[in-house]
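**Student:** Structure file start-v6.cif (mmCIF, C-alpha atoms) right here:
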```
data_start
#
loop_
_atom_site.label_atom_id
_atom_site.label_comp_id
_atom_site.auth_asym_id
_atom_site.auth_seq_id
_atom_site.Cartn_x
_atom_site.Cartn_y
_atom_site.Cartn_z
CA MET A 234 -8.20 19.50 -61.74
CA GLU A 235 -5.52 21.96 -60.81
CA SER A 236 -5.43 24.53 -58.08
CA THR A 237 -4.55 28.13 -58.78
CA ALA A 238 -3.55 28.46 -55.17
CA MET A 239 -1.74 25.82 -53.17
CA THR A 240 -3.88 24.08 -50.59
CA GLN A 241 -2.35 25.09 -47.30
CA THR A 242 -1.00 22.30 -45.18
CA ALA A 243 0.24 24.44 -42.33
CA PHE A 244 -2.66 25.20 -40.03
CA ASN A 245 -4.24 28.56 -40.45
CA ASP A 246 -7.25 29.48 -38.33
CA ARG A 247 -8.73 31.80 -40.92
CA PRO A 248 -11.13 29.76 -43.06
CA VAL A 249 -10.67 29.62 -46.80
CA SER A 250 -13.08 28.52 -49.50
CA LYS A 251 -12.65 26.52 -52.68
CA VAL A 252 -14.16 27.97 -55.82
CA LEU A 253 -14.30 26.54 -59.31
CA VAL A 254 -12.72 28.99 -61.75
CA LEU A 255 -14.34 28.49 -65.15
CA ASP A 256 -12.68 31.26 -67.09
CA ASN A 257 -10.48 30.71 -70.13
CA SER A 258 -9.34 34.29 -70.62
CA PRO A 259 -5.54 34.48 -70.37
CA ALA A 260 -5.80 38.22 -69.90
CA ASP A 261 -7.98 37.84 -66.82
CA SER A 262 -6.54 34.70 -65.29
CA ASP A 263 -3.74 36.51 -63.47
CA VAL A 264 -6.21 39.01 -62.04
CA ILE A 265 -8.45 36.21 -60.81
CA LYS A 266 -5.51 34.25 -59.45
CA GLN A 267 -4.32 37.27 -57.48
CA PHE A 268 -7.86 37.94 -56.30
CA CYS A 269 -8.16 34.39 -54.98
CA SER A 270 -4.84 34.68 -53.21
CA ASP A 271 -5.84 37.98 -51.59
CA ASN A 272 -9.29 36.85 -50.51
CA ASP A 273 -8.85 33.42 -48.88
CA LEU A 274 -10.08 31.58 -51.95
CA ILE A 275 -8.58 28.45 -53.43
CA GLY A 276 -9.27 28.55 -57.15
CA LEU A 277 -9.78 25.19 -58.82
CA LYS A 278 -9.57 24.98 -62.59
CA VAL A 279 -11.30 22.14 -64.34
CA ARG A 280 -11.46 20.93 -67.93
CA LYS A 281 -14.77 21.56 -69.60
CA ASP A 282 -15.30 17.89 -70.35
CA ALA A 283 -14.71 16.97 -66.70
CA LEU A 284 -16.86 19.72 -65.21
CA LEU A 285 -19.99 17.76 -64.36
CA ALA A 286 -18.00 14.87 -62.95
CA VAL A 287 -16.10 17.29 -60.71
CA LEU A 288 -19.34 18.88 -59.59
CA ARG A 289 -20.76 15.50 -58.69
CA THR A 290 -17.75 14.42 -56.65
CA ASN A 291 -16.25 17.57 -55.16
CA ILE A 292 -17.88 17.87 -51.78
CA ASP A 293 -16.46 21.07 -50.40
CA LEU A 294 -17.03 23.89 -52.83
CA GLY A 295 -17.92 27.45 -51.96
CA GLY A 296 -18.95 28.74 -55.38
CA VAL A 297 -18.16 29.11 -59.06
CA LEU A 298 -16.37 31.98 -60.81
CA TYR A 299 -17.75 31.81 -64.32
CA SER A 300 -17.15 33.79 -67.50
CA GLU A 301 -19.45 34.82 -70.28
CA ASN A 302 -16.80 33.56 -72.72
CA TYR A 303 -16.53 30.11 -71.12
CA GLY A 304 -18.53 28.42 -73.85
CA ASP A 305 -17.55 28.62 -77.49
CA THR A 306 -20.81 30.43 -78.13
CA ALA A 307 -23.19 32.45 -76.00
CA GLU A 308 -25.64 29.57 -76.21
CA GLU A 309 -23.08 27.07 -74.95
CA THR A 310 -22.10 29.42 -72.11
CA ALA A 311 -25.74 29.65 -71.06
CA LEU A 312 -26.21 25.89 -71.39
CA ILE A 313 -23.20 25.05 -69.21
CA ALA A 314 -24.32 27.55 -66.55
CA ALA A 315 -27.75 25.95 -66.54
CA GLN A 316 -26.18 22.50 -66.17
CA ILE A 317 -24.04 23.65 -63.22
CA HIS A 318 -27.06 25.21 -61.57
CA ALA A 319 -29.11 22.07 -62.10
CA ALA A 320 -26.37 19.85 -60.72
CA ARG A 321 -25.52 22.03 -57.71
CA PRO A 322 -28.22 24.65 -57.14
CA GLU A 323 -26.76 25.56 -53.75
CA LEU A 324 -23.53 26.89 -55.29
CA PRO A 325 -23.46 30.61 -56.08
CA ILE A 326 -22.34 31.21 -59.67
CA VAL A 327 -20.75 34.60 -60.33
CA ILE A 328 -20.29 35.52 -63.97
CA ARG A 329 -17.53 37.77 -65.30
CA ARG A 330 -18.93 40.08 -67.94
CA ASN A 331 -16.97 41.93 -70.61
CA GLY A 332 -19.03 45.10 -70.43
CA THR A 333 -20.77 46.01 -67.18
CA ALA A 334 -21.24 44.17 -63.88
CA THR A 335 -24.93 43.49 -64.29
CA LEU A 336 -27.31 40.68 -65.16
CA ASP A 337 -30.03 43.07 -66.29
CA ASP A 338 -29.58 42.48 -70.01
CA PHE A 339 -30.01 38.71 -69.71
CA PRO A 340 -33.42 37.24 -70.43
CA ASP A 341 -34.99 35.71 -67.29
CA ALA A 342 -34.21 32.11 -68.19
CA GLN A 343 -30.60 32.93 -68.92
CA ARG A 344 -30.21 35.00 -65.75
CA ARG A 345 -31.53 32.30 -63.40
CA PRO A 346 -28.28 30.34 -62.75
CA TYR A 347 -26.30 33.40 -61.69
CA CYS A 348 -26.28 35.13 -58.34
CA ALA A 349 -24.28 38.18 -59.50
CA ALA A 350 -21.92 39.60 -62.14
CA TYR A 351 -18.56 41.37 -62.06
CA VAL A 352 -15.99 42.84 -64.42
CA SER A 353 -12.27 42.27 -64.11
CA SER A 354 -11.57 45.99 -64.23
CA ASP A 355 -13.28 46.44 -60.85
CA MET A 356 -12.59 43.49 -58.60
CA SER A 357 -14.05 45.30 -55.57
CA VAL A 358 -17.44 44.24 -56.89
CA LEU A 359 -16.39 40.61 -56.76
CA ARG A 360 -15.02 41.15 -53.25
CA GLY A 361 -18.46 42.26 -52.11
CA ILE A 362 -20.12 39.32 -53.84
CA ILE A 363 -17.75 36.82 -52.22
CA ASP A 364 -18.42 38.34 -48.79
CA GLN A 365 -22.13 38.17 -49.36
CA TYR A 366 -22.41 34.70 -50.84
CA ILE A 367 -19.49 32.74 -49.38
CA PHE A 368 -18.12 34.42 -46.27
CA SER A 369 -21.48 35.69 -45.08
CA LEU A 370 -21.10 34.11 -41.64
CA ILE A 371 -18.24 35.18 -39.40
CA TYR A 372 -16.44 32.38 -37.60
CA PRO A 373 -14.23 33.70 -34.78
CA ASN A 374 -10.62 32.61 -35.24
CA ALA A 375 -10.48 31.39 -31.63
CA LEU A 376 -13.40 29.07 -32.33
CA VAL A 377 -11.94 27.75 -35.57
CA ARG A 378 -8.58 27.08 -33.96
CA GLY A 379 -10.19 25.56 -30.86
CA ILE A 380 -12.37 23.15 -32.85
CA ALA A 381 -9.34 21.90 -34.77
CA GLU A 382 -7.32 21.49 -31.56
CA LEU A 383 -9.95 19.60 -29.63
CA THR A 384 -10.84 17.38 -32.58
CA GLU A 385 -7.22 16.54 -33.23
CA SER A 386 -6.80 15.72 -29.55
CA VAL A 387 -9.76 13.31 -29.65
CA LEU A 388 -8.51 11.65 -32.84
CA ALA A 389 -5.02 11.27 -31.33
CA SER A 390 -6.51 9.62 -28.24
CA GLN A 391 -8.45 7.12 -30.33
CA PHE A 392 -5.79 6.46 -32.96
CA PRO A 393 -2.49 6.86 -31.09
CA ALA A 394 -0.40 5.15 -33.76
CA TRP A 395 -1.74 7.28 -36.58
CA GLN A 396 -0.39 10.56 -37.88
CA ILE A 397 -3.01 13.29 -38.17
CA THR A 398 -2.86 16.09 -40.71
CA ARG A 399 -5.52 18.66 -41.45
CA ASP A 400 -6.29 21.07 -44.22
CA THR A 401 -6.91 24.72 -43.54
CA PRO A 402 -10.56 24.94 -42.47
CA HIS A 403 -12.83 26.09 -45.22
CA ILE A 404 -16.24 27.52 -45.88
CA VAL A 405 -18.50 25.41 -48.05
CA ARG A 406 -21.80 26.10 -49.67
CA ASP A 407 -22.44 22.65 -51.04
CA ARG A 408 -24.62 20.08 -49.34
CA LEU A 409 -23.00 16.90 -50.61
CA ILE A 410 -22.12 14.13 -48.17
CA PHE A 411 -18.63 12.65 -48.11
CA GLY A 412 -18.39 8.88 -47.79
CA GLU A 413 -21.08 6.41 -46.81
CA VAL A 414 -21.52 7.07 -43.11
CA PHE A 415 -22.10 10.27 -41.21
CA SER A 416 -23.16 11.32 -37.74
CA LEU A 417 -25.08 14.37 -36.59
CA ILE A 418 -25.23 15.83 -33.10
CA PRO A 419 -26.94 19.06 -32.01
CA LEU A 420 -24.89 21.96 -30.64
CA GLU A 421 -26.96 24.30 -28.51
CA SER A 422 -25.94 27.37 -26.58
CA HIS A 423 -26.94 31.01 -26.30
CA TRP A 424 -24.56 31.87 -29.17
CA CYS A 425 -25.06 28.94 -31.52
CA ARG A 426 -27.68 26.38 -32.45
CA GLY A 427 -27.11 23.82 -35.11
CA TYR A 428 -25.27 20.60 -35.74
CA MET A 429 -21.88 19.04 -35.96
CA MET A 430 -21.58 16.41 -38.66
CA LEU A 431 -18.79 13.86 -39.05
CA GLN A 432 -18.51 12.11 -42.40
CA ALA A 433 -16.34 9.15 -43.35
CA GLN A 434 -15.90 6.37 -45.84
CA GLU A 435 -16.91 2.99 -44.51
CA LYS A 436 -14.32 0.74 -46.14
CA PRO A 437 -11.09 2.12 -44.63
CA LEU A 438 -12.65 2.35 -41.17
CA LEU A 439 -13.97 -1.19 -41.39
CA GLY A 440 -10.54 -2.38 -42.50
CA LEU A 441 -8.98 -0.63 -39.53
CA LEU A 442 -11.45 -2.22 -37.12
CA ALA A 443 -11.07 -5.66 -38.67
CA ARG A 444 -7.30 -5.51 -38.26
CA SER A 445 -7.56 -4.50 -34.60
CA SER A 446 -10.31 -6.99 -33.75
CA PRO A 447 -10.33 -10.34 -35.56
CA SER A 448 -13.93 -10.95 -34.48
CA ILE A 449 -15.09 -8.15 -36.80
CA ASP A 450 -16.13 -9.28 -40.27
CA ARG A 451 -15.24 -6.57 -42.76
CA ASP A 452 -18.09 -7.63 -45.05
CA THR A 453 -20.92 -7.53 -42.54
CA ASP A 454 -20.00 -5.58 -39.42
CA PHE A 455 -20.78 -2.09 -40.64
CA ARG A 456 -22.34 -1.36 -37.26
CA ALA A 457 -18.86 -1.35 -35.75
CA VAL A 458 -18.09 1.64 -37.98
CA ASN A 459 -21.30 3.33 -36.88
CA SER A 460 -20.32 2.82 -33.26
CA LEU A 461 -16.79 4.12 -33.78
CA LEU A 462 -17.99 7.23 -35.59
CA GLY A 463 -20.66 7.71 -32.93
CA GLU A 464 -18.10 7.60 -30.14
CA LEU A 465 -15.78 10.01 -31.97
CA THR A 466 -18.74 12.34 -32.36
CA ASN A 467 -19.57 12.01 -28.69
CA LEU A 468 -16.01 12.74 -27.59
CA ILE A 469 -15.68 15.80 -29.83
CA TRP A 470 -19.12 17.04 -28.82
CA GLY A 471 -18.19 16.67 -25.14
CA SER A 472 -14.97 18.59 -25.63
CA PHE A 473 -16.79 21.32 -27.55
CA LYS A 474 -19.40 21.59 -24.83
CA ASN A 475 -16.88 21.71 -22.02
CA ARG A 476 -14.85 24.39 -23.80
CA TYR A 477 -17.55 26.60 -25.28
CA ILE A 478 -20.91 25.96 -23.67
CA GLY A 479 -20.41 24.96 -20.02
CA ASP A 480 -23.35 25.02 -17.68
CA ALA A 481 -25.29 27.64 -19.60
CA SER A 482 -28.97 27.06 -19.15
CA ILE A 483 -30.56 25.22 -22.00
CA SER A 484 -33.82 26.94 -21.10
CA ALA A 485 -32.41 30.11 -22.64
CA VAL A 486 -32.01 28.31 -25.94
CA GLY A 487 -34.82 28.52 -28.46
CA THR A 488 -37.08 25.64 -29.32
CA ILE A 489 -37.35 26.30 -33.04
CA GLN A 490 -36.53 23.32 -35.21
CA VAL A 491 -36.52 22.78 -38.96
CA PRO A 492 -36.63 19.48 -40.81
CA LEU A 493 -33.41 18.02 -42.12
CA VAL A 494 -33.78 16.43 -45.52
CA VAL A 495 -31.47 13.70 -46.81
CA ASN A 496 -31.55 12.57 -50.43
CA GLN A 497 -29.67 9.28 -50.45
CA GLN A 498 -29.48 8.94 -54.21
CA HIS A 499 -27.77 12.28 -54.60
CA ARG A 500 -25.84 12.06 -51.29
CA TYR A 501 -27.31 15.40 -50.40
CA ILE A 502 -28.34 16.83 -47.05
CA SER A 503 -30.26 20.03 -46.44
CA PHE A 504 -30.50 21.85 -43.13
CA GLY A 505 -33.21 24.16 -44.36
CA THR A 506 -30.94 27.15 -44.78
CA ASP A 507 -28.49 28.56 -47.27
CA ASN A 508 -25.98 29.37 -44.54
CA PRO A 509 -22.42 28.44 -45.48
CA GLN A 510 -20.89 25.68 -43.39
CA LEU A 511 -17.58 25.57 -41.54
CA CYS A 512 -15.68 22.51 -42.72
CA PHE A 513 -12.57 20.69 -41.49
CA ARG A 514 -10.85 17.74 -43.14
CA TYR A 515 -8.57 15.44 -41.14
CA LYS A 516 -6.41 12.78 -42.76
CA LEU A 517 -5.11 9.94 -40.61
CA THR A 518 -2.17 7.89 -41.85
CA GLU A 519 -0.91 4.76 -40.16
CA GLY A 520 2.79 4.84 -39.42
CA ALA A 521 4.95 4.13 -42.43
CA SER A 522 2.22 2.21 -44.25
CA ASP A 523 0.07 3.78 -46.90
CA ARG A 524 -3.10 3.07 -44.96
CA CYS A 525 -5.09 6.20 -44.43
CA PHE A 526 -8.59 7.47 -43.94
CA THR A 527 -10.27 10.86 -43.93
CA ILE A 528 -12.81 12.38 -41.60
CA VAL A 529 -14.74 15.42 -42.73
CA GLN A 530 -16.23 17.57 -39.99
CA ARG A 531 -18.85 20.20 -40.69
CA PHE A 532 -20.52 22.76 -38.47
CA VAL A 533 -23.93 23.94 -39.55
CA PHE A 534 -25.37 26.69 -37.36
CA ASN A 535 -28.73 26.74 -39.06
CA LEU A 536 -30.96 27.70 -36.13
CA ASN A 537 -28.97 30.48 -34.46
CA TRP A 538 -25.61 32.07 -35.04
CA SER A 539 -24.54 34.99 -32.80
CA PRO A 540 -20.74 35.07 -32.95
CA GLU A 541 -20.74 38.36 -31.04
CA ASP A 542 -21.74 36.35 -27.95
CA PHE A 543 -19.16 33.60 -28.51
CA GLN A 544 -16.95 32.93 -25.52
CA GLU A 545 -14.60 30.27 -24.30
CA ILE A 546 -15.28 28.84 -20.84
CA ALA A 547 -12.37 29.69 -18.58
CA PRO A 548 -11.06 26.49 -17.02
CA GLU A 549 -11.13 26.47 -13.24
CA SER A 550 -7.75 27.50 -11.95
CA THR A 551 -7.63 24.75 -9.36
CA GLY A 552 -8.59 21.14 -9.27
CA LEU A 553 -8.02 20.49 -12.96
CA ILE A 554 -8.25 16.82 -13.78
CA SER A 555 -6.89 15.53 -17.07
CA SER A 556 -9.14 13.48 -19.29
CA GLY A 557 -8.92 9.79 -18.45
CA GLU A 558 -7.93 10.49 -14.82
CA LEU A 559 -10.27 9.58 -11.99
CA GLU A 560 -11.45 12.55 -9.94
CA LEU A 561 -12.47 11.12 -6.60
CA PHE A 562 -15.15 12.98 -4.65
CA MET B 33 -15.71 -12.67 -7.77
CA ALA B 34 -17.04 -9.15 -7.36
CA ARG B 35 -18.29 -7.72 -10.61
CA ILE B 36 -18.03 -4.39 -12.38
CA LEU B 37 -21.00 -3.20 -14.42
CA ILE B 38 -20.13 -1.00 -17.42
CA VAL B 39 -23.11 1.09 -18.58
CA ASP B 40 -22.59 2.87 -21.90
CA ASP B 41 -24.67 3.14 -25.05
CA SER B 42 -21.52 3.00 -27.20
CA SER B 43 -20.50 -0.55 -28.07
CA THR B 44 -17.05 0.85 -28.84
CA VAL B 45 -16.64 2.10 -25.27
CA ARG B 46 -18.22 -0.98 -23.71
CA GLY B 47 -15.90 -3.20 -25.70
CA GLU B 48 -12.82 -1.13 -24.91
CA VAL B 49 -13.45 -0.94 -21.15
CA GLU B 50 -14.64 -4.54 -20.84
CA SER B 51 -11.67 -5.86 -22.76
CA PHE B 52 -9.19 -3.89 -20.67
CA LEU B 53 -10.70 -4.85 -17.32
CA LYS B 54 -11.09 -8.52 -18.23
CA SER B 55 -7.51 -8.68 -19.43
CA ASN B 56 -6.56 -7.46 -15.96
CA GLY B 57 -8.47 -10.19 -14.21
CA LEU B 58 -11.68 -8.38 -13.37
CA ASP B 59 -15.17 -9.78 -13.81
CA VAL B 60 -17.26 -7.49 -15.99
CA ALA B 61 -20.89 -7.17 -17.03
CA THR B 62 -22.28 -4.58 -19.44
CA ALA B 63 -25.49 -2.62 -19.98
CA VAL B 64 -26.52 -0.44 -22.91
CA ASP B 65 -28.32 2.39 -21.10
CA GLY B 66 -29.58 3.50 -17.70
CA LYS B 67 -32.68 1.31 -17.77
CA ASP B 68 -30.65 -1.73 -18.70
CA GLY B 69 -28.13 -0.83 -16.03
CA LEU B 70 -30.79 -0.67 -13.32
CA ALA B 71 -32.18 -4.03 -14.39
CA LYS B 72 -28.76 -5.70 -14.48
CA LEU B 73 -27.84 -4.31 -11.08
CA LYS B 74 -31.13 -5.42 -9.57
CA ALA B 75 -30.65 -8.94 -10.93
CA ASP B 76 -27.02 -9.32 -9.87
CA PRO B 77 -26.19 -8.68 -6.21
CA GLY B 78 -22.55 -9.50 -6.92
CA ILE B 79 -21.98 -6.17 -8.66
CA ARG B 80 -19.77 -3.97 -6.48
CA LEU B 81 -18.87 -1.16 -8.88
CA VAL B 82 -20.92 0.58 -11.58
CA VAL B 83 -19.05 2.63 -14.20
CA ALA B 84 -21.63 4.63 -16.15
CA ASP B 85 -21.80 7.12 -18.99
CA VAL B 86 -23.99 10.21 -18.52
CA ASN B 87 -25.50 10.82 -21.96
CA MET B 88 -27.44 7.72 -22.94
CA PRO B 89 -30.80 7.05 -24.58
CA ASN B 90 -33.85 5.83 -22.61
CA MET B 91 -32.35 6.75 -19.24
CA ASP B 92 -29.27 8.91 -18.67
CA GLY B 93 -26.53 7.90 -16.27
CA LEU B 94 -27.22 10.48 -13.57
CA THR B 95 -30.88 9.51 -13.40
CA MET B 96 -29.78 5.90 -13.19
CA VAL B 97 -27.46 6.46 -10.22
CA GLU B 98 -30.17 8.47 -8.44
CA LYS B 99 -32.57 5.57 -8.95
CA ILE B 100 -29.99 3.07 -7.73
CA ARG B 101 -30.10 4.87 -4.40
CA SER B 102 -33.76 5.87 -4.28
CA GLU B 103 -35.62 3.07 -6.05
CA LEU B 104 -33.35 0.07 -5.56
CA GLY B 105 -32.31 1.27 -2.11
CA ASN B 106 -28.79 0.12 -2.93
CA THR B 107 -26.43 2.31 -0.92
CA SER B 108 -23.45 -0.01 -0.97
CA VAL B 109 -22.55 -0.28 -4.64
CA ASN B 110 -19.77 2.08 -5.73
CA LEU B 111 -20.59 4.49 -8.54
CA ILE B 112 -18.18 6.07 -11.04
CA MET B 113 -19.17 8.22 -14.02
CA LEU B 114 -17.21 7.83 -17.27
CA THR B 115 -18.37 10.60 -19.57
CA THR B 116 -17.48 13.44 -21.92
CA GLU B 117 -19.24 15.81 -19.51
CA SER B 118 -17.20 17.81 -17.04
CA SER B 119 -19.53 20.56 -15.94
CA PRO B 120 -19.49 21.41 -12.22
CA ALA B 121 -23.29 21.29 -12.09
CA MET B 122 -23.36 17.72 -13.34
CA LYS B 123 -20.63 16.68 -10.96
CA GLU B 124 -22.56 18.21 -8.08
CA ARG B 125 -25.64 16.26 -9.09
CA GLY B 126 -23.53 13.11 -9.20
CA LYS B 127 -22.05 13.78 -5.79
CA ALA B 128 -25.50 14.32 -4.33
CA ALA B 129 -26.51 10.92 -5.67
CA GLY B 130 -23.52 9.26 -4.05
CA VAL B 131 -21.19 9.04 -7.02
CA LYS B 132 -17.65 8.35 -5.79
CA GLY B 133 -15.69 9.57 -8.77
CA TRP B 134 -15.74 11.15 -12.21
CA ILE B 135 -13.69 10.32 -15.30
CA VAL B 136 -13.72 12.51 -18.38
CA LYS B 137 -13.42 10.38 -21.52
CA PRO B 138 -11.44 9.07 -23.27
CA PHE B 139 -10.91 6.03 -21.02
CA LYS B 140 -7.31 5.42 -19.96
CA GLY B 141 -7.37 2.07 -18.21
CA THR B 142 -3.96 2.16 -16.58
CA ALA B 143 -4.81 5.44 -14.84
CA VAL B 144 -7.78 3.95 -13.02
CA LEU B 145 -7.14 0.20 -12.75
CA GLU B 146 -5.96 0.07 -9.14
CA THR B 147 -8.83 2.22 -7.92
CA PHE B 148 -11.33 0.11 -9.84
CA LYS B 149 -9.90 -3.00 -8.21
CA LYS B 150 -10.29 -1.50 -4.75
CA LEU B 151 -13.81 -0.27 -5.39
CA ALA B 152 -14.85 -3.62 -6.86
CA ALA B 153 -13.40 -5.66 -4.00
#
```
What would the structure in this file look like if it were written as structure tokens?

**Tutor:**
Amino acid sequence: MESTAMTQTAFNDRPVSKVLVLDNSPADSDVIKQFCSDNDLIGLKVRKDALLAVLRTNIDLGGVLYSENYGDTAEETALIAAQIHAARPELPIVIRRNGTATLDDFPDAQRRPYCAAYVSSDMSVLRGIIDQYIFSLIYPNALVRGIAELTESVLASQFPAWQITRDTPHIVRDRLIFGEVFSLIPLESHWCRGYMMLQAQEKPLLGLLARSSPSIDRDTDFRAVNSLLGELTNLIWGSFKNRYIGDASISAVGTIQVPLVVNQQHRYISFGTDNPQLCFRYKLTEGASDRCFTIVQRFVFNLNWSPEDFQEIAPESTGLISSGELELF
Amino acid sequence: MARILIVDDSSTVRGEVESFLKSNGLDVATAVDGKDGLAKLKADPGIRLVVADVNMPNMDGLTMVEKIRSELGNTSVNLIMLTTESSPAMKERGKAAGVKGWIVKPFKGTAVLETFKKLAA
């Protein structure tokens, strides 16, 4: 898989989104590439024979830019679209048409996989579609930057000998779970209600714990990983709460809940909404060794999202105590 | 030897704090939540300092310290909260229950060791 736009390594607080670009037209590829660059999209090209494997394993996609010439025949194009939709029904598929930006001439069965159509001669249509289907929730830059800062601070406190790097935060539409272990904790305030989720692979974390504590058996002590991820979650949650929620009365928060559904076989989690999720990916590397592990952090504001009311709690100007210090009363 | 009771639902935190304090010569017991903490304190009169998390299942840390005073009638044990919480309202509730100090996680042992030793003496 190759990227039509470089994944940014320098931190940018404006979220991007990864989209699969399934379009073989040389004439249109430059237009699409430029569009991605101009609209905070990272275009990922994939070989046709690797498409379903990529869909099964790529956990942070925002959508698919498709083309009505992608298959060798119209039937194959329709078949591939149906396969994508079956594999990842949560991903919006936008089809580039050669004539007009409409799905009206498709029979119902053929139309079903697509959310919208565009033509390369009028990319403003695609801009509107991307806003509607991928960037439909606004995440304030101050929030995005703050989450990354406080999370990195927590990770640095827990893994002082490890170097932390992070991708540019991105918007995802998929519901796939990264790794084998994840935590969920509610976030509730007058401006947001939902969850923070941390996801990780068990093996590298267990290896890390086994090296630091000989009493841990890397074959059986998976609970040590659960505990570590739980404490990371707790620390990040506490920092989030102290920075963005404060003493706001929980009584003002709604009581509506929706079921969360986890399908273990498909590593799929649903929060009962199509809302896009805010996603961060942190990579921790140990010193000069090649040991590393990744933590994926997602924010799912499925119960309430009112970014117009977002505010950061002003720290008290006096009496500030650093974390870890004892404040005596 | 006077004992310190660590009350935290996270085995990671319990292990980290216990290991640090023991390696510095302190006698440590642990409890997994507020209910367990109350029971351990009731059963062990040698405990001089309780270091407790706030957010725990079954019984939270602030309820536990209130019950230490009101239900156990123990007004002599020293109480410290070790938590991710830092809201003024929670601290006020802790103060009212007789909490002596507040530490915002993560735990940095060297910053608090001498005070812990004094409070556990």

**Student:** I would like the residues chosen by the PyMOL selection byres ((chain B) within 9 of (chain A)) on the shown file; could you give them as a list in words?

**Tutor:**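 Output from the PyMOL selection byres ((chain B) within 9 of (chain A)), applied to this file: Ser42, Ser43, Thr44, Val45, Ile112, Leu114, Thr115, Thr116, Glu117, Ser118, Ser119, Pro120, Ala121, Met122, Lys127, Val131, Lys132, Gly133, Trp134, Ile135, Val136, Lys137, Pro138, Phe139, Lys140, Gly141, Ala143, Val144 and Thr147 of chain B.
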
**Student:** Export C-alpha atoms of the chosen residues as an mmCIF file, in the frame of the given file?

**Tutor:**
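Dumped everything to again.cif:
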```cif
data_model
loop_
_atom_site.group_PDB
_atom_site.id
_atom_site.type_symbol
_atom_site.label_atom_id
_atom_site.label_comp_id
_atom_site.auth_asym_id
_atom_site.auth_seq_id
_atom_site.Cartn_x
_atom_site.Cartn_y
_atom_site.Cartn_z
ATOM 1 C CA SER B 42 -21.520 3.000 -27.200
ATOM 2 C CA SER B 43 -20.500 -0.550 -28.070
ATOM 3 C CA THR B 44 -17.050 0.850 -28.840
ATOM 4 C CA VAL B 45 -16.640 2.100 -25.270
ATOM 5 C CA ILE B 112 -18.180 6.070 -11.040
ATOM 6 C CA LEU B 114 -17.210 7.830 -17.270
ATOM 7 C CA THR B 115 -18.370 10.600 -19.570
ATOM 8 C CA THR B 116 -17.480 13.440 -21.920
ATOM 9 C CA GLU B 117 -19.240 15.810 -19.510
ATOM 10 C CA SER B 118 -17.200 17.810 -17.040
ATOM 11 C CA SER B 119 -19.530 20.560 -15.940
ATOM 12 C CA PRO B 120 -19.490 21.410 -12.220
ATOM 13 C CA ALA B 121 -23.290 21.290 -12.090
ATOM 14 C CA MET B 122 -23.360 17.720 -13.340
ATOM 15 C CA LYS B 127 -22.050 13.780 -5.790
ATOM 16 C CA VAL B 131 -21.190 9.040 -7.020
ATOM 17 C CA LYS B 132 -17.650 8.350 -5.790
ATOM 18 C CA GLY B 133 -15.690 9.570 -8.770
ATOM 19 C CA TRP B 134 -15.740 11.150 -12.210
ATOM 20 C CA ILE B 135 -13.690 10.320 -15.300
ATOM 21 C CA VAL B 136 -13.720 12.510 -18.380
ATOM 22 C CA LYS B 137 -13.420 10.380 -21.520
ATOM 23 C CA PRO B 138 -11.440 9.070 -23.270
ATOM 24 C CA PHE B 139 -10.910 6.030 -21.020
ATOM 25 C CA LYS B 140 -7.310 5.420 -19.960
ATOM 26 C CA GLY B 141 -7.370 2.070 -18.210
ATOM 27 C CA ALA B 143 -4.810 5.440 -14.840
ATOM 28 C CA VAL B 144 -7.780 3.950 -13.020
ATOM 29 C CA THR B 147 -8.830 2.220 -7.920
#
```

**Student:** Please measure the separation of atom CA of Gln267 of chain A and atom CA of Leu253 of chain A, giving the value in Å to one decimal.

**Tutor:**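 Those two atoms sit 14.8 Å apart.
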
**Student:** Output the residue selection produced by the PyMOL selection byres ((chain A and resi 341-351) around 12) on the file above, formatted as a PyMOL selection string.

**Tutor:** chain A and resi 265+296-301+307-340+352-363+365-367

**Student:** Which residue out of B:Ala153, B:Arg80, B:Ile38, B:Ala75 has the minimum interatomic distance to Thr107 of chain B when all atoms listed in the file are used?

**Tutor:**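 Among the listed residues, B:Arg80 lies closest to Thr107 of chain B.
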
**Student:** To one decimal place, how far is atom CA of Gln432 of chain A from atom CA of Arg514 of chain A in Å?

**Tutor:** 9.5 Å

**Student:** Carefully work through the PyMOL selection byres ((chain B and resi 72) around 12) for this structure and note down the residues it includes, as a list in words.

**Tutor:**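 Expected selection for the PyMOL selection byres ((chain B and resi 72) around 12) here is Arg35, Ile36, Leu37, Ile38, Val39, Val60, Ala61, Thr62, Ala63, Val64, Asp65, Gly66, Lys67, Asp68, Gly69, Leu70, Ala71, Leu73, Lys74, Ala75, Asp76, Pro77, Gly78, Ile79, Val82, Met96, Ile100 and Leu104 of chain B.
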
**Student:** Suppose you want the space between atom CA of Leu94 of chain B and atom CA of Met113 of chain B; what is it in Å?

**Tutor:** 8.4 Å

**Student:** So which residues touch Thr506 of chain A within 7 Å, counting only C-alpha atoms, skipping near sequence neighbours fewer than 2 positions away, as a ChimeraX atom specification?

**Tutor:** /A:504,508,535

**Student:** Excluding Glu385 of chain A and residues on its chain fewer than 6 positions from it, collect all residues at most 12 Å away from it, counting only C-alpha atoms, and give them as a list in words.

**Tutor:**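 Counting only the stated atoms, we get Phe244, Arg378, Gly379, Gln391, Phe392, Pro393, Trp395, Gln396, Ile397, Thr398, Arg399, Asp400, Leu465, Leu468, Ile469, Ser472, Phe513, Arg514, Tyr515, Lys516, Leu517, Ile528 and Gln530 of chain A.
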
**Student:** List the spatial neighbours of Asn537 of chain A as number ranges by chain - criterion: any atom at most 12 Å away, only C-alpha atoms, same-chain residues fewer than 6 positions off excluded.

**Tutor:** A: 370, 419-428, 486-491, 506, 508, 543
